[in-house]
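Pasting input.txt here (compact mmCIF, C-alpha atoms):
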# COMPACT_ATOMS: atom_id res chain seq x y z
CA MET H 1 -155.92 19.93 -20.63
CA LYS H 2 -157.12 17.01 -22.78
CA ILE H 3 -154.62 17.97 -25.47
CA LEU H 4 -151.78 18.04 -22.95
CA LEU H 5 -152.81 14.67 -21.55
CA SER H 6 -153.05 13.21 -25.06
CA ALA H 7 -149.62 14.60 -25.91
CA VAL H 8 -148.08 13.05 -22.76
CA VAL H 9 -149.67 9.67 -23.49
CA ALA H 10 -148.44 9.81 -27.10
CA LEU H 11 -144.93 10.75 -25.95
CA ILE H 12 -144.81 7.85 -23.49
CA PHE H 13 -146.00 5.47 -26.21
CA LEU H 14 -143.33 6.70 -28.64
CA MET H 15 -140.59 6.46 -26.03
CA THR H 16 -141.63 2.89 -25.21
CA ALA H 17 -141.66 1.96 -28.89
CA ALA H 18 -138.26 3.58 -29.44
CA PHE H 19 -136.82 1.69 -26.46
CA ARG H 20 -138.15 -1.60 -27.84
CA VAL H 21 -136.61 -0.88 -31.26
CA GLU H 22 -133.31 0.00 -29.58
CA GLN H 23 -133.39 -3.30 -27.69
CA THR H 24 -133.99 -5.11 -30.97
CA LYS H 25 -130.85 -3.69 -32.56
CA LYS H 26 -128.53 -4.55 -29.68
CA PRO H 27 -125.73 -6.64 -31.20
CA TRP H 28 -125.03 -10.01 -29.62
CA ALA H 29 -121.29 -10.45 -29.38
CA VAL H 30 -120.03 -14.01 -29.70
CA PRO H 31 -116.40 -14.82 -28.81
CA ASP H 32 -114.27 -15.81 -31.80
CA ALA H 33 -113.55 -19.24 -30.31
CA ALA H 34 -117.29 -19.93 -30.09
CA LYS H 35 -117.94 -18.63 -33.61
CA SER H 36 -115.38 -20.98 -35.09
CA LYS H 37 -116.58 -24.05 -33.17
CA LYS H 38 -117.60 -26.76 -35.62
CA ASN H 39 -120.82 -28.71 -35.31
CA PRO H 40 -119.83 -32.33 -34.58
CA VAL H 41 -123.39 -33.63 -35.14
CA ALA H 42 -124.36 -34.55 -38.68
CA SER H 43 -127.46 -32.77 -39.90
CA ASN H 44 -129.60 -35.79 -40.67
CA ALA H 45 -133.24 -36.76 -40.12
CA ALA H 46 -132.59 -38.14 -36.62
CA SER H 47 -130.72 -35.03 -35.48
CA ILE H 48 -133.32 -32.66 -36.93
CA ALA H 49 -136.17 -34.65 -35.33
CA ALA H 50 -134.42 -34.50 -31.95
CA GLY H 51 -133.82 -30.78 -32.42
CA LYS H 52 -137.46 -30.21 -33.33
CA GLU H 53 -138.60 -31.99 -30.18
CA LEU H 54 -136.32 -29.73 -28.10
CA TRP H 55 -137.56 -26.69 -30.04
CA ASN H 56 -141.17 -27.56 -29.25
CA THR H 57 -140.34 -27.96 -25.56
CA HIS H 58 -138.00 -25.03 -24.99
CA CYS H 59 -138.14 -22.52 -27.86
CA LYS H 60 -141.51 -22.47 -29.58
CA SER H 61 -143.31 -20.44 -26.91
CA CYS H 62 -141.16 -17.38 -27.70
CA HIS H 63 -139.77 -18.03 -31.18
CA GLY H 64 -142.91 -19.61 -32.70
CA ALA H 65 -143.41 -22.89 -34.52
CA LYS H 66 -141.57 -21.66 -37.63
CA GLY H 67 -138.99 -19.49 -35.85
CA LEU H 68 -140.56 -16.21 -36.91
CA GLY H 69 -140.45 -14.72 -33.40
CA ASP H 70 -144.23 -14.96 -33.06
CA GLY H 71 -144.62 -17.44 -30.22
CA SER H 72 -147.37 -17.13 -27.61
CA LYS H 73 -144.98 -15.48 -25.11
CA ALA H 74 -143.21 -13.18 -27.60
CA ALA H 75 -145.38 -10.13 -26.84
CA GLN H 76 -144.41 -10.33 -23.15
CA LEU H 77 -140.68 -10.04 -23.87
CA LYS H 78 -138.64 -6.85 -23.54
CA THR H 79 -136.49 -7.86 -26.51
CA GLU H 80 -137.57 -9.19 -29.89
CA PRO H 81 -137.10 -12.95 -30.14
CA GLY H 82 -135.92 -12.57 -33.74
CA ASP H 83 -136.81 -14.23 -37.01
CA PHE H 84 -134.74 -17.38 -37.44
CA SER H 85 -135.85 -17.81 -41.03
CA ASN H 86 -134.09 -14.65 -42.20
CA ALA H 87 -130.73 -14.53 -43.94
CA ASP H 88 -128.98 -12.73 -41.06
CA THR H 89 -129.73 -15.52 -38.63
CA GLN H 90 -129.02 -18.27 -41.13
CA ALA H 91 -125.67 -16.64 -42.01
CA GLN H 92 -124.43 -17.08 -38.44
CA THR H 93 -122.07 -19.97 -37.83
CA ASP H 94 -123.26 -23.10 -36.10
CA GLY H 95 -120.85 -22.22 -33.30
CA SER H 96 -122.51 -18.81 -32.86
CA LEU H 97 -125.95 -20.37 -32.61
CA PHE H 98 -124.66 -22.99 -30.16
CA TYR H 99 -123.14 -20.24 -28.01
CA LYS H 100 -126.31 -18.14 -27.99
CA ILE H 101 -128.50 -21.12 -27.08
CA SER H 102 -126.08 -22.21 -24.36
CA GLU H 103 -125.36 -18.82 -22.82
CA GLY H 104 -128.53 -16.79 -23.43
CA ARG H 105 -128.88 -13.06 -22.76
CA ASP H 106 -131.59 -10.68 -21.58
CA ASP H 107 -134.96 -12.43 -22.10
CA MET H 108 -133.29 -15.41 -23.77
CA PRO H 109 -132.40 -17.82 -20.97
CA SER H 110 -129.26 -19.91 -20.86
CA PHE H 111 -130.02 -23.49 -21.82
CA LYS H 112 -126.76 -25.12 -20.75
CA LYS H 113 -128.44 -26.42 -17.57
CA LYS H 114 -131.86 -27.17 -19.07
CA ILE H 115 -130.23 -28.94 -22.02
CA PRO H 116 -126.96 -30.19 -20.46
CA ASP H 117 -125.99 -32.56 -23.28
CA ALA H 118 -124.03 -30.59 -25.89
CA GLU H 119 -125.18 -33.00 -28.59
CA ASP H 120 -128.77 -31.96 -27.93
CA ILE H 121 -127.88 -28.29 -28.40
CA TRP H 122 -126.17 -29.20 -31.69
CA ASN H 123 -129.37 -31.03 -32.69
CA LEU H 124 -131.25 -27.82 -31.97
CA VAL H 125 -128.79 -25.89 -34.17
CA ASN H 126 -129.42 -28.41 -36.96
CA PHE H 127 -133.17 -27.89 -36.57
CA VAL H 128 -132.78 -24.07 -36.66
CA ARG H 129 -131.11 -24.50 -40.06
CA THR H 130 -134.38 -25.99 -41.39
CA LEU H 131 -136.24 -22.75 -40.60
CA LYS H 132 -134.63 -20.76 -43.41
CA LYS H 133 -136.87 -19.19 -46.03
Written as structure tokens, that's how I'd like the structure from this file.
Amino acid sequence: MKILLSAVVALIFLMTAAFRVEQTKKPWAVPDAAKSKKNPVASNAASIAAGKELWNTHCKSCHGAKGLGDGSKAAQLKTEPGDFSNADTQAQTDGSLFYKISEGRDDMPSFKKKIPDAEDIWNLVNFVRTLKK
């Protein structure tokens, strides 16, 4: 009986882990028009500082101080918050990052109402660029 119970617990654990991995690999489709959108905000010290302030207010709790996906709330999420320092994230266009921040999906909320000024979202994109390895 103990063996059967242990096997059931192990199976549930593995299924949960597999589901979490599957959620991690879910591609995030970005419309072509959004991908090709150009960042109108120059990436300078003022923009990056403004983006960092927004990051600390809205993003750090899930994505972590350095964008590694290790924020204080990350473990509570159903989907992985991602590592913004990696090449895959950094290879995305500014327009793609703007779209994802604005629209959100799953655990990632939409920020177009919380950060209604598009320039502020572009500042956040400029800050995300500083997180690369």
Selection: 12 Å around H:Pro109, all atoms listed in the file, excl. self and same-chain fewer than 3 positions, as a list in words: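 The contact residues come out as His58, Cys59, Cys62, Leu77, Pro81, Tyr99, Lys100, Ile101, Ser102, Glu103, Gly104, Arg105, Asp106, Lys112, Lys113, Lys114 and Ile115 of chain H.
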Pick from H:Leu68, H:Ala74, H:Ile121, H:Leu131, whichever lies nearest to H:Leu54 using all atoms listed in the file: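 Result for the nearest residue to H:Leu54: H:Ile121.
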Ref. answer, residues at most 8 Å from (-130.2, -29.5, -30.1) with only C-alpha atoms, as an MDAnalysis selection string: chainID H and resid 47 50:52 54:55 118:127
Selected residue of minimal separation from H:Ala29 among H:Ala65, H:Leu97, H:Ala91, H:Ala42, counting all atoms listed in the file: H:Leu97
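With atom CA of H:Ser43 on one side and atom CA of H:Gly67 on the other, the separation reads 18.0 Å.
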Residues near H:Ala33, cut-off 12 Å, all atoms listed in the file, skip fewer than 4 positions along chain, as a list in words: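 Selected residues are Ala29, Lys37, Lys38, Thr93, Asp94, Gly95, Ser96, Phe98 and Tyr99 of chain H.
Take atom CA of H:Trp28 and atom CA of H:Ile48: the distance between them is 25.2 Å.
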For H:Asn86: contacts at 7 Å, only C-alpha atoms, fewer than 4 positions along chain excluded, given as a list in words: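 The filter keeps Gln90, Lys132 and Lys133 of chain H.
Atom to atom, atom CA of H:Gly69 and atom CA of H:Ser85 stand 9.4 Å apart.
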Closest of H:Thr130, H:Gly82, H:Gly71, H:Gln92 to H:Lys35 - atom-to-atom distances counting all atoms listed in the file: H:Gln92
Nearest residue to H:Lys60 from the set H:Pro116, H:Pro27, H:Lys73, H:Glu80 (distances using only C-alpha atoms): H:Lys73
As JSON, please: the centre and edge lengths in Å, to one decimal, of an axis-aligned box enclosing every listed atom of stretch 48-52 of chain H with 8 Å added on each side.
{"center_x": -135.4, "center_y": -32.4, "center_z": -34.4, "size_x": 20.1, "size_y": 20.4, "size_z": 21.0}
